[in-house]
Amino acid sequence: MLTSKQRAYLRGIASTYDTIFQIGKGGISENLVQQVDDALRVRELIKLRVLDNCGYTSKEAGELLAEATHSEVVQVIGSRFVLYKRNPKEPVIELKK
């Protein structure tokens with residue numbers, strides 16, 4: 001569980017990131033979950049976007065993907081959301097406790 005200070009720190013980092021995944025009318029498939037999980041393993045922090053033709057809101061999609069990948073939703077703004085998952089072997093982002 002992230003503290004509010006950790007969440008704020010991650011939001012600051014994510015503001016400079018580009019969106020790397022888009023969720024469209026296909027919804028959240030097993031393939032998408034695997035790709036997001038792989039990206040989280042390498043980057044730890046990723047930004048995603050929900051397209052208008054998707055059946056989910058960005059909050060719903062974020063929660064579903066976070067549960068499927070065992071990550072945490074850092075932020076939801078409009079159609080975009082940010083996920084974080086710490087890499088236990090090779091951490092990229094150092095969070096203060």
# chains A, B, ... in the order shown; residues from 1 in each chain; ligands from 1
>>> residues_around(residues="A:Leu40", least_positions_apart="6", cutoff="7 Å", atoms="only C-alpha atoms", output="PDB file with N, CA and C atoms, in the first residue's frame")
ATOM      1  N   ILE A  46       3.782   2.887 -15.217  1.00  0.00           N
ATOM      2  CA  ILE A  46       3.333   3.056 -16.597  1.00  0.00           C
ATOM      3  C   ILE A  46       2.026   3.849 -16.641  1.00  0.00           C
ATOM      4  N   TYR A  84       1.535   1.298 -10.737  1.00  0.00           N
ATOM      5  CA  TYR A  84       2.873   1.106 -10.172  1.00  0.00           C
ATOM      6  C   TYR A  84       2.976  -0.294  -9.578  1.00  0.00           C
ATOM      7  N   LYS A  85       4.098  -0.933  -9.857  1.00  0.00           N
ATOM      8  CA  LYS A  85       4.395  -2.228  -9.251  1.00  0.00           C
ATOM      9  C   LYS A  85       5.905  -2.309  -9.059  1.00  0.00           C
TER      10      LYS A  85
END
>>> residues_around(residues="stretch 9-13 of chain A", least_positions_apart="6", cutoff="9 Å", atoms="only C-alpha atoms", output="number ranges by chain")
A: 45, 74-75, 82, 84, 93, 95
>>> atom_distance(atom1="atom CA of A:Gln22", atom2="atom CA of A:Leu51")
6.7 Å
>>> residues_around(residues="A:Arg49", least_positions_apart="6", cutoff="9 Å", atoms="only C-alpha atoms", output="count of residues only")
12
>>> select_by_dssp(residues="chain A", states="strand (DSSP E or B)", output="ChimeraX atom specification")
/A:19-23,45-50,72-77,80-84
>>> write_last_selection(atoms="C-alpha atoms", output="CSV table (one decimal), in the first residue's frame")
chain,number,residue,atom,x,y,z
A,19,THR,CA,1.1,6.7,-22.5
A,20,ILE,CA,2.3,3.3,-23.6
A,21,PHE,CA,-1.0,1.3,-23.7
A,22,GLN,CA,-4.5,2.0,-24.9
A,23,ILE,CA,-7.6,0.1,-24.0
A,45,LEU,CA,5.5,2.9,-13.4
A,46,ILE,CA,3.3,3.1,-16.6
A,47,LYS,CA,0.6,5.3,-18.0
A,48,LEU,CA,-2.4,3.9,-19.8
A,49,ARG,CA,-5.4,5.4,-21.7
A,50,VAL,CA,-9.0,4.2,-22.0
A,72,GLU,CA,-1.5,-0.3,-7.5
A,73,VAL,CA,-3.4,2.5,-9.2
A,74,VAL,CA,-1.4,5.7,-8.5
A,75,GLN,CA,-3.7,8.2,-10.3
A,76,VAL,CA,-6.7,8.4,-12.5
A,77,ILE,CA,-7.3,11.6,-14.5
A,80,ARG,CA,-5.7,8.1,-18.3
A,81,PHE,CA,-4.5,6.2,-15.3
A,82,VAL,CA,-1.1,5.3,-13.9
A,83,LEU,CA,-0.1,1.9,-12.4
A,84,TYR,CA,2.9,1.1,-10.2
>>> select_by_dssp(residues="chain A", states="helix (DSSP H, G or I)", output="PyMOL selection string")
chain A and resi 4-14+30-43+58-69
>>> write_last_selection(atoms="N, CA, C and O atoms", output="CSV table (one decimal), in the first residue's frame")
chain,number,residue,atom,x,y,z
A,4,SER,N,0.5,8.5,1.0
A,4,SER,CA,0.1,9.7,0.2
A,4,SER,C,1.4,10.4,-0.4
A,4,SER,O,1.3,10.9,-1.5
A,5,LYS,N,2.4,10.4,0.4
A,5,LYS,CA,3.7,11.0,-0.1
A,5,LYS,C,4.3,10.2,-1.2
A,5,LYS,O,4.8,10.8,-2.2
A,6,GLN,N,4.3,8.9,-1.1
A,6,GLN,CA,4.8,8.1,-2.1
A,6,GLN,C,4.0,8.2,-3.4
A,6,GLN,O,4.5,8.3,-4.5
A,7,ARG,N,2.6,8.3,-3.2
A,7,ARG,CA,1.7,8.4,-4.4
A,7,ARG,C,2.0,9.8,-5.1
A,7,ARG,O,2.0,9.8,-6.3
A,8,ALA,N,2.2,10.8,-4.3
A,8,ALA,CA,2.5,12.1,-4.9
A,8,ALA,C,3.8,12.1,-5.6
A,8,ALA,O,3.9,12.7,-6.7
A,9,TYR,N,4.8,11.5,-5.1
A,9,TYR,CA,6.1,11.3,-5.7
A,9,TYR,C,6.0,10.6,-7.1
A,9,TYR,O,6.5,11.1,-8.1
A,10,LEU,N,5.2,9.5,-7.1
A,10,LEU,CA,5.0,8.7,-8.3
A,10,LEU,C,4.2,9.5,-9.3
A,10,LEU,O,4.4,9.5,-10.5
A,11,ARG,N,3.2,10.3,-8.9
A,11,ARG,CA,2.4,11.2,-9.8
A,11,ARG,C,3.3,12.2,-10.5
A,11,ARG,O,3.2,12.4,-11.7
A,12,GLY,N,4.3,12.7,-9.7
A,12,GLY,CA,5.2,13.7,-10.3
A,12,GLY,C,6.1,13.0,-11.4
A,12,GLY,O,6.3,13.6,-12.4
A,13,ILE,N,6.5,11.8,-11.1
A,13,ILE,CA,7.4,11.1,-12.1
A,13,ILE,C,6.5,10.8,-13.3
A,13,ILE,O,6.9,11.0,-14.5
A,14,ALA,N,5.3,10.3,-13.1
A,14,ALA,CA,4.4,9.9,-14.2
A,14,ALA,C,4.0,11.0,-15.1
A,14,ALA,O,3.7,10.8,-16.3
A,30,GLU,N,-6.5,-11.2,-21.8
A,30,GLU,CA,-5.4,-11.9,-21.1
A,30,GLU,C,-4.1,-11.4,-21.7
A,30,GLU,O,-3.1,-11.2,-21.0
A,31,ASN,N,-4.0,-11.2,-23.0
A,31,ASN,CA,-2.9,-10.7,-23.7
A,31,ASN,C,-2.5,-9.3,-23.2
A,31,ASN,O,-1.3,-9.0,-23.0
A,32,LEU,N,-3.4,-8.4,-23.0
A,32,LEU,CA,-3.2,-7.1,-22.5
A,32,LEU,C,-2.6,-7.1,-21.1
A,32,LEU,O,-1.7,-6.5,-20.7
A,33,VAL,N,-3.2,-8.0,-20.3
A,33,VAL,CA,-2.8,-8.1,-18.9
A,33,VAL,C,-1.3,-8.6,-18.9
A,33,VAL,O,-0.5,-8.1,-18.1
A,34,GLN,N,-1.0,-9.5,-19.7
A,34,GLN,CA,0.4,-10.0,-19.8
A,34,GLN,C,1.4,-8.9,-20.2
A,34,GLN,O,2.5,-8.8,-19.7
A,35,GLN,N,1.0,-8.2,-21.2
A,35,GLN,CA,1.8,-7.1,-21.7
A,35,GLN,C,2.0,-6.0,-20.7
A,35,GLN,O,3.1,-5.5,-20.5
A,36,VAL,N,1.0,-5.7,-19.9
A,36,VAL,CA,1.1,-4.7,-18.9
A,36,VAL,C,1.9,-5.2,-17.8
A,36,VAL,O,2.8,-4.4,-17.2
A,37,ASP,N,1.8,-6.4,-17.4
A,37,ASP,CA,2.6,-7.0,-16.4
A,37,ASP,C,4.1,-7.0,-16.7
A,37,ASP,O,5.0,-6.7,-15.9
A,38,ASP,N,4.4,-7.3,-18.0
A,38,ASP,CA,5.8,-7.3,-18.5
A,38,ASP,C,6.3,-5.9,-18.4
A,38,ASP,O,7.5,-5.6,-18.0
A,39,ALA,N,5.5,-4.9,-18.8
A,39,ALA,CA,6.0,-3.5,-18.8
A,39,ALA,C,6.2,-3.0,-17.4
A,39,ALA,O,7.2,-2.3,-17.1
A,40,LEU,N,5.4,-3.4,-16.5
A,40,LEU,CA,5.5,-3.1,-15.1
A,40,LEU,C,6.8,-3.7,-14.5
A,40,LEU,O,7.5,-3.0,-13.7
A,41,ARG,N,7.1,-4.9,-14.9
A,41,ARG,CA,8.3,-5.5,-14.4
A,41,ARG,C,9.6,-4.7,-14.8
A,41,ARG,O,10.5,-4.6,-14.0
A,42,VAL,N,9.6,-4.2,-16.0
A,42,VAL,CA,10.7,-3.4,-16.5
A,42,VAL,C,10.7,-2.0,-16.0
A,42,VAL,O,11.7,-1.5,-15.5
A,43,ARG,N,9.6,-1.3,-16.1
A,43,ARG,CA,9.5,0.1,-15.9
A,43,ARG,C,9.0,0.5,-14.5
A,43,ARG,O,9.3,1.6,-14.0
A,58,SER,N,-12.1,4.8,-17.0
A,58,SER,CA,-10.6,4.7,-16.7
A,58,SER,C,-10.4,4.2,-15.2
A,58,SER,O,-9.5,3.4,-15.0
A,59,LYS,N,-11.3,4.5,-14.3
A,59,LYS,CA,-11.2,4.0,-12.9
A,59,LYS,C,-11.4,2.5,-12.9
A,59,LYS,O,-10.7,1.8,-12.2
A,60,GLU,N,-12.5,2.0,-13.6
A,60,GLU,CA,-12.8,0.6,-13.6
A,60,GLU,C,-11.6,-0.2,-14.3
A,60,GLU,O,-11.2,-1.2,-13.7
A,61,ALA,N,-11.1,0.3,-15.4
A,61,ALA,CA,-10.1,-0.4,-16.1
A,61,ALA,C,-8.8,-0.4,-15.2
A,61,ALA,O,-8.1,-1.4,-15.2
A,62,GLY,N,-8.5,0.7,-14.6
A,62,GLY,CA,-7.3,0.8,-13.7
A,62,GLY,C,-7.4,-0.2,-12.5
A,62,GLY,O,-6.5,-1.0,-12.3
A,63,GLU,N,-8.6,-0.3,-11.9
A,63,GLU,CA,-8.8,-1.3,-10.8
A,63,GLU,C,-8.7,-2.7,-11.3
A,63,GLU,O,-8.1,-3.6,-10.6
A,64,LEU,N,-9.3,-3.0,-12.4
A,64,LEU,CA,-9.2,-4.4,-13.0
A,64,LEU,C,-7.8,-4.8,-13.3
A,64,LEU,O,-7.4,-5.9,-13.0
A,65,LEU,N,-7.1,-3.9,-14.0
A,65,LEU,CA,-5.7,-4.2,-14.4
A,65,LEU,C,-4.8,-4.3,-13.2
A,65,LEU,O,-3.9,-5.1,-13.1
A,66,ALA,N,-5.0,-3.4,-12.2
A,66,ALA,CA,-4.2,-3.5,-11.0
A,66,ALA,C,-4.4,-4.8,-10.2
A,66,ALA,O,-3.5,-5.4,-9.7
A,67,GLU,N,-5.6,-5.2,-10.2
A,67,GLU,CA,-5.9,-6.5,-9.5
A,67,GLU,C,-5.3,-7.7,-10.3
A,67,GLU,O,-4.7,-8.6,-9.7
A,68,ALA,N,-5.4,-7.6,-11.6
A,68,ALA,CA,-4.9,-8.7,-12.5
A,68,ALA,C,-3.3,-8.8,-12.4
A,68,ALA,O,-2.8,-9.9,-12.6
A,69,THR,N,-2.7,-7.6,-12.3
A,69,THR,CA,-1.2,-7.6,-12.3
A,69,THR,C,-0.6,-7.4,-10.9
A,69,THR,O,0.6,-7.3,-10.8
